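Have a look at start.cif below; it lists mmCIF, C-alpha atoms and all ligand atoms.
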data_start
loop_
_atom_site.label_atom_id
_atom_site.label_comp_id
_atom_site.auth_asym_id
_atom_site.auth_seq_id
_atom_site.Cartn_x
_atom_site.Cartn_y
_atom_site.Cartn_z
CA MET S 1 -62.89 42.13 -55.33
CA SER S 2 -65.84 40.51 -53.61
CA SER S 3 -69.04 40.41 -55.61
CA PHE S 4 -71.22 38.36 -53.28
CA HIS S 5 -74.87 39.22 -53.31
CA SER S 6 -77.38 37.23 -51.28
CA LEU S 7 -80.84 36.60 -52.73
CA LEU S 8 -82.20 35.91 -49.26
CA PRO S 9 -84.46 38.32 -47.35
CA VAL S 10 -81.73 38.84 -44.74
CA ASP S 11 -80.38 42.10 -43.28
CA ALA S 12 -76.84 42.99 -42.22
CA GLU S 13 -77.40 41.64 -38.69
CA GLY S 14 -78.66 38.32 -39.97
CA TYR S 15 -82.38 38.95 -39.41
CA TYR S 16 -85.10 37.48 -41.58
CA GLY S 17 -88.00 39.65 -40.50
CA HIS S 18 -87.51 39.46 -36.75
CA PHE S 19 -86.09 35.91 -36.85
CA GLY S 20 -82.38 35.11 -36.84
CA GLY S 21 -79.62 37.26 -35.40
CA ALA S 22 -76.65 36.01 -33.39
CA TYR S 23 -77.37 35.26 -29.72
CA ILE S 24 -73.96 34.07 -28.62
CA PRO S 25 -71.69 34.27 -25.59
CA GLU S 26 -69.28 37.21 -25.56
CA ILE S 27 -66.32 34.88 -25.98
CA LEU S 28 -67.48 33.87 -29.49
CA HIS S 29 -68.02 37.40 -30.82
CA SER S 30 -64.67 37.74 -32.56
CA ASN S 31 -64.96 34.20 -33.95
CA ILE S 32 -68.31 34.92 -35.50
CA GLU S 33 -67.10 38.27 -36.77
CA ASN S 34 -64.09 36.64 -38.46
CA LEU S 35 -66.30 33.99 -39.99
CA ARG S 36 -68.75 36.57 -41.31
CA GLU S 37 -65.98 38.59 -42.95
CA ALA S 38 -64.34 35.51 -44.45
CA PHE S 39 -67.63 34.16 -45.76
CA TYR S 40 -68.62 37.39 -47.54
CA ARG S 41 -65.12 37.76 -48.92
CA TYR S 42 -64.75 34.24 -50.30
CA ALA S 43 -68.36 33.76 -51.40
CA GLY S 44 -67.66 36.46 -53.97
CA ASP S 45 -64.11 35.34 -54.77
CA GLU S 46 -63.59 33.90 -58.25
CA GLU S 47 -60.74 31.59 -57.31
CA PHE S 48 -62.64 30.18 -54.31
CA ASN S 49 -65.75 29.58 -56.37
CA ARG S 50 -63.80 27.94 -59.18
CA GLU S 51 -62.22 25.50 -56.75
CA LEU S 52 -65.56 24.73 -55.09
CA ASP S 53 -67.36 24.30 -58.43
CA LEU S 54 -64.70 21.85 -59.59
CA LEU S 55 -65.11 19.80 -56.41
CA LEU S 56 -68.89 19.84 -56.76
CA ARG S 57 -68.57 18.59 -60.33
CA ASP S 58 -65.80 16.00 -60.15
CA TYR S 59 -65.95 14.90 -56.52
CA VAL S 60 -69.65 15.16 -55.65
CA GLY S 61 -70.90 14.38 -59.16
CA ARG S 62 -72.87 17.56 -59.80
CA PRO S 63 -75.06 18.63 -61.39
CA SER S 64 -77.36 16.09 -59.78
CA PRO S 65 -79.97 14.96 -62.32
CA LEU S 66 -83.47 16.40 -62.50
CA TYR S 67 -85.45 13.28 -63.24
CA ARG S 68 -89.02 13.25 -64.53
CA ALA S 69 -90.62 10.45 -62.56
CA ASN S 70 -93.09 9.14 -65.15
CA ARG S 71 -94.84 6.43 -63.18
CA LEU S 72 -95.08 8.58 -60.06
CA SER S 73 -96.44 11.44 -62.18
CA GLU S 74 -99.05 9.14 -63.64
CA HIS S 75 -100.07 7.94 -60.18
CA TYR S 76 -100.61 11.47 -58.87
CA GLY S 77 -101.96 12.95 -62.10
CA THR S 78 -99.39 15.72 -62.37
CA ASN S 79 -95.77 16.23 -63.55
CA ILE S 80 -93.24 15.32 -60.91
CA TYR S 81 -89.55 16.03 -61.26
CA LEU S 82 -87.14 14.64 -58.67
CA LYS S 83 -83.96 16.57 -57.91
CA ARG S 84 -81.58 13.69 -57.26
CA GLU S 85 -79.46 14.86 -54.31
CA ASP S 86 -79.50 11.19 -53.28
CA LEU S 87 -76.97 10.55 -56.05
CA ASN S 88 -74.32 12.85 -54.53
CA HIS S 89 -71.12 11.41 -53.05
CA THR S 90 -71.98 10.32 -49.47
CA GLY S 91 -75.65 10.05 -50.44
CA ALA S 92 -77.27 13.36 -49.56
CA HIS S 93 -77.20 17.13 -49.99
CA LYS S 94 -75.06 17.64 -46.87
CA ILE S 95 -71.79 17.27 -48.79
CA ASN S 96 -72.51 20.56 -50.65
CA ASN S 97 -72.27 22.53 -47.42
CA ALA S 98 -69.49 20.43 -45.89
CA LEU S 99 -67.18 21.02 -48.86
CA GLY S 100 -67.95 24.75 -49.03
CA SER S 101 -67.43 25.18 -45.30
CA VAL S 102 -64.22 23.16 -45.02
CA LEU S 103 -62.80 24.93 -48.08
CA LEU S 104 -63.58 28.22 -46.34
CA ALA S 105 -61.89 26.94 -43.17
CA LYS S 106 -58.81 26.14 -45.24
CA ARG S 107 -58.75 29.64 -46.71
CA MET S 108 -59.02 31.06 -43.19
CA GLY S 109 -55.85 29.15 -42.26
CA LYS S 110 -57.64 26.75 -39.89
CA THR S 111 -56.31 23.25 -39.31
CA ARG S 112 -59.02 21.89 -36.99
CA VAL S 113 -62.68 21.41 -37.74
CA ILE S 114 -65.52 20.52 -35.36
CA ALA S 115 -69.08 19.51 -36.18
CA GLU S 116 -72.22 18.21 -34.47
CA THR S 117 -74.29 15.38 -35.87
CA GLY S 118 -77.53 13.58 -35.07
CA ALA S 119 -78.02 10.64 -37.40
CA GLY S 120 -74.43 11.01 -38.50
CA GLN S 121 -75.04 12.21 -42.07
CA HIS S 122 -73.54 15.64 -41.47
CA GLY S 123 -70.72 14.05 -39.46
CA VAL S 124 -69.89 11.76 -42.36
CA ALA S 125 -70.03 14.62 -44.88
CA THR S 126 -67.75 16.77 -42.73
CA ALA S 127 -65.33 13.90 -42.03
CA THR S 128 -65.24 13.27 -45.79
CA ALA S 129 -64.42 16.92 -46.60
CA CYS S 130 -61.77 16.91 -43.85
CA ALA S 131 -60.11 13.75 -45.19
CA LEU S 132 -60.06 15.33 -48.64
CA MET S 133 -58.60 18.63 -47.44
CA ASP S 134 -56.29 17.27 -44.75
CA MET S 135 -58.01 18.77 -41.73
CA GLU S 136 -58.24 17.43 -38.20
CA CYS S 137 -61.88 16.62 -37.50
CA THR S 138 -63.84 16.13 -34.28
CA VAL S 139 -67.53 15.25 -34.43
CA PHE S 140 -69.81 15.66 -31.40
CA MET S 141 -72.60 13.15 -31.25
CA GLY S 142 -75.04 12.28 -28.49
CA ALA S 143 -74.18 8.96 -26.84
CA THR S 144 -77.65 7.63 -27.66
CA ASP S 145 -77.07 8.40 -31.33
CA VAL S 146 -73.55 6.91 -31.26
CA ALA S 147 -75.12 3.63 -30.18
CA ARG S 148 -78.00 3.63 -32.67
CA GLN S 149 -76.14 4.98 -35.73
CA LYS S 150 -73.14 2.64 -35.63
CA PRO S 151 -72.51 2.42 -39.40
CA ASN S 152 -72.09 6.20 -39.64
CA VAL S 153 -69.86 6.26 -36.54
CA ASP S 154 -67.69 3.59 -38.18
CA ARG S 155 -67.57 5.62 -41.40
CA MET S 156 -66.46 8.77 -39.59
CA ARG S 157 -63.73 6.83 -37.76
CA MET S 158 -62.55 5.22 -40.99
CA LEU S 159 -62.33 8.71 -42.50
CA GLY S 160 -60.05 9.75 -39.65
CA ALA S 161 -62.47 11.78 -37.56
CA LYS S 162 -62.66 11.64 -33.79
CA VAL S 163 -66.20 10.96 -32.59
CA GLU S 164 -66.98 12.44 -29.15
CA ALA S 165 -69.94 10.73 -27.47
CA VAL S 166 -71.85 13.43 -25.55
CA GLN S 167 -73.34 12.27 -22.24
CA SER S 168 -75.51 15.27 -21.29
CA GLY S 169 -79.31 15.65 -21.62
CA ASN S 170 -81.06 13.07 -23.77
CA ARG S 171 -77.73 12.38 -25.45
CA THR S 172 -79.04 13.31 -28.90
CA LEU S 173 -78.56 16.11 -31.47
CA LYS S 174 -79.50 19.08 -29.27
CA ASP S 175 -76.97 17.95 -26.65
CA ALA S 176 -74.28 17.37 -29.28
CA THR S 177 -74.85 20.92 -30.57
CA ASN S 178 -74.58 22.38 -27.06
CA GLU S 179 -71.33 20.49 -26.55
CA ALA S 180 -69.89 21.61 -29.90
CA ILE S 181 -70.65 25.24 -29.00
CA ARG S 182 -69.09 24.76 -25.55
CA TYR S 183 -65.96 23.26 -27.11
CA TRP S 184 -65.78 26.09 -29.65
CA CYS S 185 -65.79 28.64 -26.82
CA CYS S 186 -62.67 26.99 -25.34
CA ASN S 187 -61.03 26.35 -28.72
CA PRO S 188 -61.78 29.41 -30.83
CA ASP S 189 -59.02 28.50 -33.30
CA SER S 190 -61.13 25.62 -34.61
CA PHE S 191 -63.70 26.02 -37.39
CA TYR S 192 -67.25 24.95 -36.55
CA VAL S 193 -69.11 23.40 -39.50
CA ILE S 194 -72.85 23.52 -38.78
CA GLY S 195 -74.94 20.98 -40.70
CA SER S 196 -78.09 22.98 -41.38
CA THR S 197 -79.44 26.51 -41.83
CA VAL S 198 -79.46 27.03 -38.08
CA GLY S 199 -77.19 28.69 -35.52
CA PRO S 200 -76.10 32.31 -35.19
CA HIS S 201 -75.63 34.60 -38.20
CA PRO S 202 -73.88 34.08 -40.62
CA TYR S 203 -74.48 30.31 -40.45
CA PRO S 204 -78.06 30.19 -41.80
CA GLU S 205 -77.10 32.45 -44.70
CA MET S 206 -73.82 30.64 -45.33
CA VAL S 207 -75.30 27.14 -45.33
CA ALA S 208 -78.18 28.30 -47.59
CA HIS S 209 -75.59 29.80 -49.93
CA PHE S 210 -73.61 26.55 -50.18
CA GLN S 211 -76.86 24.64 -50.78
CA SER S 212 -78.23 27.14 -53.30
CA VAL S 213 -76.51 25.23 -56.10
CA ILE S 214 -79.54 22.89 -55.91
CA SER S 215 -82.07 25.46 -57.16
CA LYS S 216 -79.54 27.05 -59.49
CA GLU S 217 -79.29 23.72 -61.30
CA MET S 218 -83.05 23.18 -61.11
CA ARG S 219 -83.68 26.36 -63.08
CA SER S 220 -81.47 25.46 -66.02
CA GLN S 221 -82.60 21.82 -65.98
CA LEU S 222 -86.26 22.88 -65.96
CA LEU S 223 -85.63 25.26 -68.83
CA SER S 224 -84.23 22.52 -71.02
CA GLN S 225 -86.82 19.92 -69.97
CA THR S 226 -90.02 21.98 -69.74
CA GLY S 227 -89.24 25.18 -71.62
CA SER S 228 -89.51 27.32 -68.48
CA GLU S 229 -87.06 27.95 -65.65
CA LEU S 230 -89.93 28.12 -63.20
CA PRO S 231 -91.93 25.18 -61.86
CA ASP S 232 -95.36 25.63 -60.31
CA CYS S 233 -94.23 24.25 -57.02
CA VAL S 234 -91.11 23.16 -55.11
CA ILE S 235 -91.42 20.63 -52.28
CA ALA S 236 -88.73 19.82 -49.71
CA CYS S 237 -88.53 18.33 -46.23
CA ILE S 238 -87.37 20.41 -43.27
CA GLY S 239 -85.23 19.43 -40.33
CA GLY S 240 -83.14 22.55 -39.74
CA GLY S 241 -83.96 23.56 -43.29
CA SER S 242 -80.80 23.31 -45.40
CA ASN S 243 -82.00 21.15 -48.29
CA ALA S 244 -85.21 23.17 -48.43
CA ALA S 245 -83.24 26.43 -48.35
CA GLY S 246 -81.11 25.18 -51.24
CA ALA S 247 -84.15 24.02 -53.21
CA PHE S 248 -86.10 27.26 -52.57
CA TYR S 249 -83.21 29.73 -52.87
CA HIS S 250 -83.47 30.80 -56.51
CA PHE S 251 -87.28 30.75 -56.42
CA ILE S 252 -87.90 32.81 -53.26
CA ASN S 253 -88.23 35.99 -55.30
CA GLU S 254 -90.47 34.34 -57.92
CA PRO S 255 -93.97 34.73 -56.47
CA SER S 256 -95.56 32.36 -59.00
CA VAL S 257 -93.61 29.42 -57.54
CA ARG S 258 -95.26 27.78 -54.52
CA LEU S 259 -92.77 26.72 -51.84
CA ILE S 260 -93.91 23.77 -49.73
CA ALA S 261 -92.01 22.66 -46.64
CA ALA S 262 -92.71 19.24 -45.11
CA GLU S 263 -91.87 18.89 -41.44
CA ALA S 264 -92.05 15.74 -39.37
CA ALA S 265 -95.36 15.27 -37.54
CA GLY S 266 -94.08 12.08 -35.89
CA LEU S 267 -97.17 10.33 -34.46
CA GLY S 268 -99.22 13.49 -35.08
CA ILE S 269 -99.10 17.20 -34.25
CA ASP S 270 -101.77 16.75 -31.58
CA THR S 271 -99.58 14.23 -29.73
CA GLU S 272 -96.42 14.75 -27.68
CA MET S 273 -94.47 12.63 -30.15
CA THR S 274 -93.76 15.17 -32.88
CA ALA S 275 -91.03 17.29 -34.42
CA ALA S 276 -93.34 19.68 -36.31
CA THR S 277 -91.68 22.82 -34.97
CA MET S 278 -93.53 25.32 -37.13
CA LYS S 279 -96.91 23.77 -36.34
CA VAL S 280 -96.54 23.36 -32.58
CA GLY S 281 -93.62 25.66 -31.69
CA SER S 282 -93.44 29.28 -30.59
CA GLU S 283 -90.85 32.02 -30.92
CA GLY S 284 -87.76 31.58 -28.85
CA ILE S 285 -84.01 31.29 -29.02
CA ILE S 286 -82.17 28.10 -29.77
CA HIS S 287 -78.52 27.58 -30.67
CA GLY S 288 -77.81 31.25 -31.21
CA SER S 289 -80.81 32.26 -33.26
CA ARG S 290 -84.34 33.64 -32.71
CA THR S 291 -86.72 31.28 -34.43
CA MET S 292 -89.60 28.87 -33.94
CA VAL S 293 -88.82 26.43 -31.14
CA MET S 294 -90.63 23.53 -29.51
CA GLN S 295 -90.73 24.73 -25.90
CA THR S 296 -92.81 24.73 -22.76
CA GLU S 297 -94.47 27.93 -21.52
CA ASP S 298 -91.43 28.70 -19.37
CA GLY S 299 -89.01 28.18 -22.23
CA GLN S 300 -87.77 24.63 -21.63
CA ILE S 301 -86.96 22.86 -24.89
CA ILE S 302 -89.35 19.97 -25.57
CA GLU S 303 -87.72 16.77 -26.81
CA PRO S 304 -88.79 16.24 -30.41
CA TYR S 305 -89.75 12.91 -31.90
CA SER S 306 -89.71 11.66 -35.49
CA ILE S 307 -89.04 8.25 -37.01
CA SER S 308 -86.49 10.11 -39.12
CA ALA S 309 -83.30 11.01 -37.22
CA GLY S 310 -82.52 13.85 -39.64
CA LEU S 311 -85.79 15.68 -38.90
CA ASP S 312 -85.74 15.14 -35.15
CA TYR S 313 -84.78 18.70 -34.13
CA PRO S 314 -86.73 21.05 -31.80
CA GLY S 315 -85.98 24.18 -33.87
CA VAL S 316 -85.94 25.28 -37.49
CA GLY S 317 -83.76 27.76 -39.38
CA PRO S 318 -84.81 31.44 -39.10
CA LEU S 319 -85.24 31.73 -42.88
CA HIS S 320 -88.01 29.14 -42.75
CA SER S 321 -89.68 30.73 -39.73
CA TYR S 322 -89.79 33.93 -41.75
CA LEU S 323 -90.96 32.35 -45.02
CA ALA S 324 -93.71 30.46 -43.22
CA THR S 325 -95.01 33.27 -40.98
CA SER S 326 -94.96 35.77 -43.85
CA GLY S 327 -96.99 33.39 -46.01
CA ARG S 328 -94.29 32.90 -48.64
CA SER S 329 -93.98 29.20 -47.89
CA GLU S 330 -96.60 26.63 -46.92
CA VAL S 331 -95.84 24.17 -44.14
CA VAL S 332 -97.27 20.66 -44.12
CA ALA S 333 -96.74 18.15 -41.31
CA ILE S 334 -96.25 14.56 -42.46
CA THR S 335 -96.60 11.68 -40.01
CA ASP S 336 -94.24 8.72 -39.69
CA ARG S 337 -96.87 6.52 -41.34
CA GLN S 338 -97.43 8.89 -44.27
CA ALA S 339 -93.68 9.12 -44.86
CA LEU S 340 -93.22 5.34 -44.70
CA ASP S 341 -96.04 4.80 -47.20
CA ALA S 342 -94.71 7.48 -49.55
CA ALA S 343 -91.24 5.91 -49.42
CA MET S 344 -92.69 2.55 -50.38
CA ARG S 345 -94.65 4.13 -53.24
CA LEU S 346 -91.53 5.77 -54.70
CA THR S 347 -89.57 2.55 -54.31
CA ARG S 348 -92.18 0.45 -56.09
CA THR S 349 -93.03 2.92 -58.87
CA GLU S 350 -89.58 4.27 -59.69
CA GLY S 351 -87.05 1.87 -58.16
CA ILE S 352 -85.61 4.60 -55.93
CA ILE S 353 -85.35 4.06 -52.16
CA PRO S 354 -85.45 7.54 -50.58
CA ALA S 355 -84.05 8.66 -47.24
CA LEU S 356 -86.74 8.75 -44.55
CA GLU S 357 -86.28 12.52 -44.39
CA SER S 358 -86.99 12.89 -48.12
CA ALA S 359 -89.98 10.56 -47.74
CA HIS S 360 -91.67 13.36 -45.74
CA ALA S 361 -91.47 15.59 -48.83
CA LEU S 362 -92.95 12.74 -50.89
CA GLY S 363 -95.78 12.47 -48.36
CA VAL S 364 -97.01 15.90 -49.48
CA LEU S 365 -98.12 14.34 -52.78
CA ASP S 366 -100.71 12.28 -50.90
CA ILE S 367 -102.11 15.33 -49.11
CA MET S 368 -102.11 18.06 -51.75
CA LYS S 369 -103.64 17.79 -55.18
CA PHE S 370 -101.84 19.21 -58.20
CA ALA S 371 -103.24 19.79 -61.70
CA PRO S 372 -102.25 17.68 -64.74
CA ASP S 373 -100.53 20.65 -66.41
CA GLN S 374 -98.47 21.64 -63.37
CA ASN S 375 -94.75 20.99 -62.93
CA ILE S 376 -93.77 19.96 -59.41
CA VAL S 377 -90.14 19.72 -58.35
CA LEU S 378 -89.46 17.57 -55.32
CA ASN S 379 -86.06 17.68 -53.69
CA LEU S 380 -84.96 14.11 -53.02
CA SER S 381 -82.47 15.08 -50.32
CA GLY S 382 -80.87 11.68 -49.75
CA ARG S 383 -80.82 7.96 -50.38
CA GLY S 384 -82.44 5.41 -48.12
CA ASP S 385 -79.78 2.77 -47.55
CA LYS S 386 -79.36 3.95 -43.96
CA ASP S 387 -83.10 3.50 -43.36
CA LEU S 388 -83.65 -0.03 -44.70
CA ASP S 389 -84.06 -1.57 -41.23
CA THR S 390 -86.72 1.00 -40.34
CA TYR S 391 -88.56 0.48 -43.63
CA LEU S 392 -88.60 -3.29 -43.34
CA LYS S 393 -89.69 -3.22 -39.69
CA ASN S 394 -92.56 -0.83 -40.44
CA GLN S 395 -93.97 -2.13 -43.69
C1 LIG X 1 -79.94 15.85 -42.55
C2 LIG X 1 -80.90 15.51 -43.59
C3 LIG X 1 -82.11 16.24 -43.76
C4 LIG X 1 -82.55 17.33 -42.82
O1 LIG X 1 -81.72 18.44 -42.77
P1 LIG X 1 -82.08 19.81 -43.48
O2 LIG X 1 -81.02 20.74 -43.00
O3 LIG X 1 -83.44 20.22 -43.05
O4 LIG X 1 -82.01 19.58 -44.93
C5 LIG X 1 -82.94 15.91 -44.82
N1 LIG X 1 -82.63 14.90 -45.66
C6 LIG X 1 -81.50 14.17 -45.53
C7 LIG X 1 -81.24 13.07 -46.49
C8 LIG X 1 -80.60 14.45 -44.49
O5 LIG X 1 -79.49 13.72 -44.37
#

Please rewrite the model in this file as structure tokens.
Amino acid sequence: MSSFHSLLPVDAEGYYGHFGGAYIPEILHSNIENLREAFYRYAGDEEFNRELDLLLRDYVGRPSPLYRANRLSEHYGTNIYLKREDLNHTGAHKINNALGSVLLAKRMGKTRVIAETGAGQHGVATATACALMDMECTVFMGATDVARQKPNVDRMRMLGAKVEAVQSGNRTLKDATNEAIRYWCCNPDSFYVIGSTVGPHPYPEMVAHFQSVISKEMRSQLLSQTGSELPDCVIACIGGGSNAAGAFYHFINEPSVRLIAAEAAGLGIDTEMTAATMKVGSEGIIHGSRTMVMQTEDGQIIEPYSISAGLDYPGVGPLHSYLATSGRSEVVAITDRQALDAAMRLTRTEGIIPALESAHALGVLDIMKFAPDQNIVLNLSGRGDKDLDTYLKNQ
């Protein structure tokens, strides 16, 4: 029955080159095994996909537009198309994965969902999907983040989710993830929705699959707008890598398409205030997967820093470690200042206020030069309402 076929360079054990895998405690083995089986079964199941496609269309508002940004194109002397994930319900790409994952949880007969969140965007998306599908929802969030992301905490609570403030470590995303994994070990009947292409196999593959609708739409939209399904270049920002994975997915096996990943340099990659994992990190294991990690020589995780809460993660998905080290993708580090300036430029040329995360992708346009006949697709992963305070304070 199942006809699922991944386009990713991933093997049966979840390795992308030598990155990935599933480094998990014994107690989670059967959980992960069940999830893997269910994912492959339902990803190729017609009924499941019909239900998900309908939700993506009528609930999320897909397909999200591919918008030719004329004034921005003129400014940079090339052709820039924005993939408008900012127009999705809940304001970012994260809802694509949350709906797919919670629908899968439902099919698996689960009634309880857990999630981790940093800035709260994934928490809100998961709480939204859980309200829609009548699931109990608990979101783990570092206590520091609970205090500084109050509007999203309020949203999650309004949606019926329980928000657990995590008191360990720096009380941010990494600590929330540790706590979610710990809870999952004690409550294996719950379904863990991970918010990015990170974690043990099959999560990176599964989240990339649910986000791959982004590049699927790009191809047909490009065909009707430019006459070719292929752009010259796709640009996306990278926290854990899910919006980039979705934007790259259907182009990975098209060597003529350049894939450019923008990570957060923070105050600069030569400072200690950075989150540019692929620039300053080294191979290690974080949250169940072998990948690039920001760590000391003896393997202690280094606290990341970025002005953007969604990019402030000390790891990156194994797919991106593989794409970058094999030369398939190019990684650019964008500083806080470059992102802030790029956000202002988009706002004033196109009337679109981007999420701070997406502003890092926009920052690439100031660093790399593209030719007048080239078509550049930039994934605008989310809207900037949540970042207004930061923008106005840092003008
Ligand atoms: C969470 C988030 C990101 C970063 O996560 P990825 O998994 O790397 O996509 C980027 N943009 C927005 C708007 C986000 O909310």

Nearest to Thr274 of chain S, chosen from S:Ala127, S:Val234, S:Ile334, S:Met218, with all atoms listed in the file counted in the distances: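 Among S:Ala127, S:Val234, S:Ile334, S:Met218, it is S:Ile334 that comes nearest to Thr274 of chain S.
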
Polymer residues at most 6 Å from (-77.7, 29.4, -44.9) by all atoms listed in the file, as a CSV table (one decimal) with C-alpha atoms, in the coordinates of the input:
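Listed below is the output, selection05.csv:
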chain,number,residue,atom,x,y,z
S,197,THR,CA,-79.4,26.5,-41.8
S,203,TYR,CA,-74.5,30.3,-40.4
S,204,PRO,CA,-78.1,30.2,-41.8
S,205,GLU,CA,-77.1,32.4,-44.7
S,206,MET,CA,-73.8,30.6,-45.3
S,207,VAL,CA,-75.3,27.1,-45.3
S,208,ALA,CA,-78.2,28.3,-47.6
S,209,HIS,CA,-75.6,29.8,-49.9

Residues near segment 71-78 of chain S, cut-off 12 Å, all atoms listed in the file, skip fewer than 5 positions along chain, as an NGL selection string: :S and (232-233 or 342-352 or 362-378)

Nearby polymer residues, ligand LIG 1 (chain X), at most 9 Å, only C-alpha atoms and all ligand atoms, as a PyMOL selection string: chain S and resi 85-86+91-94+117-122+195-198+207+236-246+263+308-312+316-317+354-359+380-384

Quick one: contact table of segment 105-201 of chain S to segment 41-47 of chain S, 12 Å max, nearest atom pair and distance in Å to one decimal per residue, counting only C-alpha atoms, chain and number order, as a tab-separated table?
residue	atom	partner	partner_atom	distance
S:Ala105	CA	S:Tyr42	CA	10.6
S:Lys106	CA	S:Tyr42	CA	11.2
S:Arg107	CA	S:Tyr42	CA	8.4
S:Met108	CA	S:Tyr42	CA	9.7

Non-local contacts of Val139 of chain S (9 Å; all atoms listed in the file; under 5 positions in same chain excluded) as a PyMOL selection string: chain S and resi 113-117+123-124+126-127+156+161-165+176+180

Closest of S:Val332, S:Pro65, S:Phe248, S:Ile260 to Val280 of chain S - atom-to-atom distances counting all atoms listed in the file: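 Of S:Val332, S:Pro65, S:Phe248, S:Ile260, the one nearest Val280 of chain S is S:Val332, counting all atoms listed in the file.
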
Atom CA of Gly21 of chain S to atom CA of Phe4 of chain S, straight-line distance in Å: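 It comes out at 19.8 Å.
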
Point (-56.2, 17.3, -47.1), cut-off 12 Å, counting only C-alpha atoms, residues as a list of chain:residue names: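 Checked against the point, the hits come out as S:Leu99, S:Val102, S:Leu103, S:Ala105, S:Lys106, S:Lys110, S:Thr111, S:Arg112, S:Ala127, S:Thr128, S:Ala129, S:Cys130, S:Ala131, S:Leu132, S:Met133, S:Asp134, S:Met135, S:Glu136, S:Cys137, S:Leu159, S:Gly160.
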
One-decimal distance in Å that lies between atom CA of Ala147 of chain S and atom CA of Asp175 of chain S: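 Atom CA of Asp175 of chain S sits 14.9 Å away from atom CA of Ala147 of chain S.
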
With 8 Å added on each side, what axis-aligned box encloses every listed atom of segment 387-393 of chain S? Give the centre and edge lengths in Å to one decimal, as lines of an AutoDock Vina configuration file.
center_x = -86.4
center_y = 0.1
center_z = -42.2
size_x = 22.6
size_y = 22.8
size_z = 21.0

Minimum-distance residue to Pro304 of chain S, chosen among S:Lys393, S:Asn170, S:Gln225, S:Phe210 (using only C-alpha atoms): S:Asn170

d(atom CA of Pro314 of chain S, atom CA of Tyr23 of chain S) in Å: 17.1 Å

Neighbour list for segment 13-20 of chain S as a list in words, cut-off 6 Å, only C-alpha atoms, skip fewer than 2 positions in-chain: Pro9, Val10, Asp11, His201, Ser289, Arg290, Thr291, Pro318, Leu319 and Tyr322 of chain S

Option closest in space to Leu56 of chain S, from S:Asn79, S:Asn97, S:Asn34, S:Thr390 [counting all atoms listed in the file]: S:Asn97

Top pick for closest residue to Ile302 of chain S, considering S:Lys174, S:Lys150, S:Arg36, S:His5 and counting all atoms listed in the file: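 Result for the nearest residue to Ile302 of chain S: S:Lys174.
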
Residue contacts of Ser228 of chain S (9 Å, only C-alpha atoms) excluding same-chain residues fewer than 6 positions away, as a ChimeraX atom specification: /S:219-220,222

S:Glu217, S:Glu283, S:Asp389, S:Glu179 ranked by distance to Ala247 of chain S, top pick (using all atoms listed in the file): S:Glu217
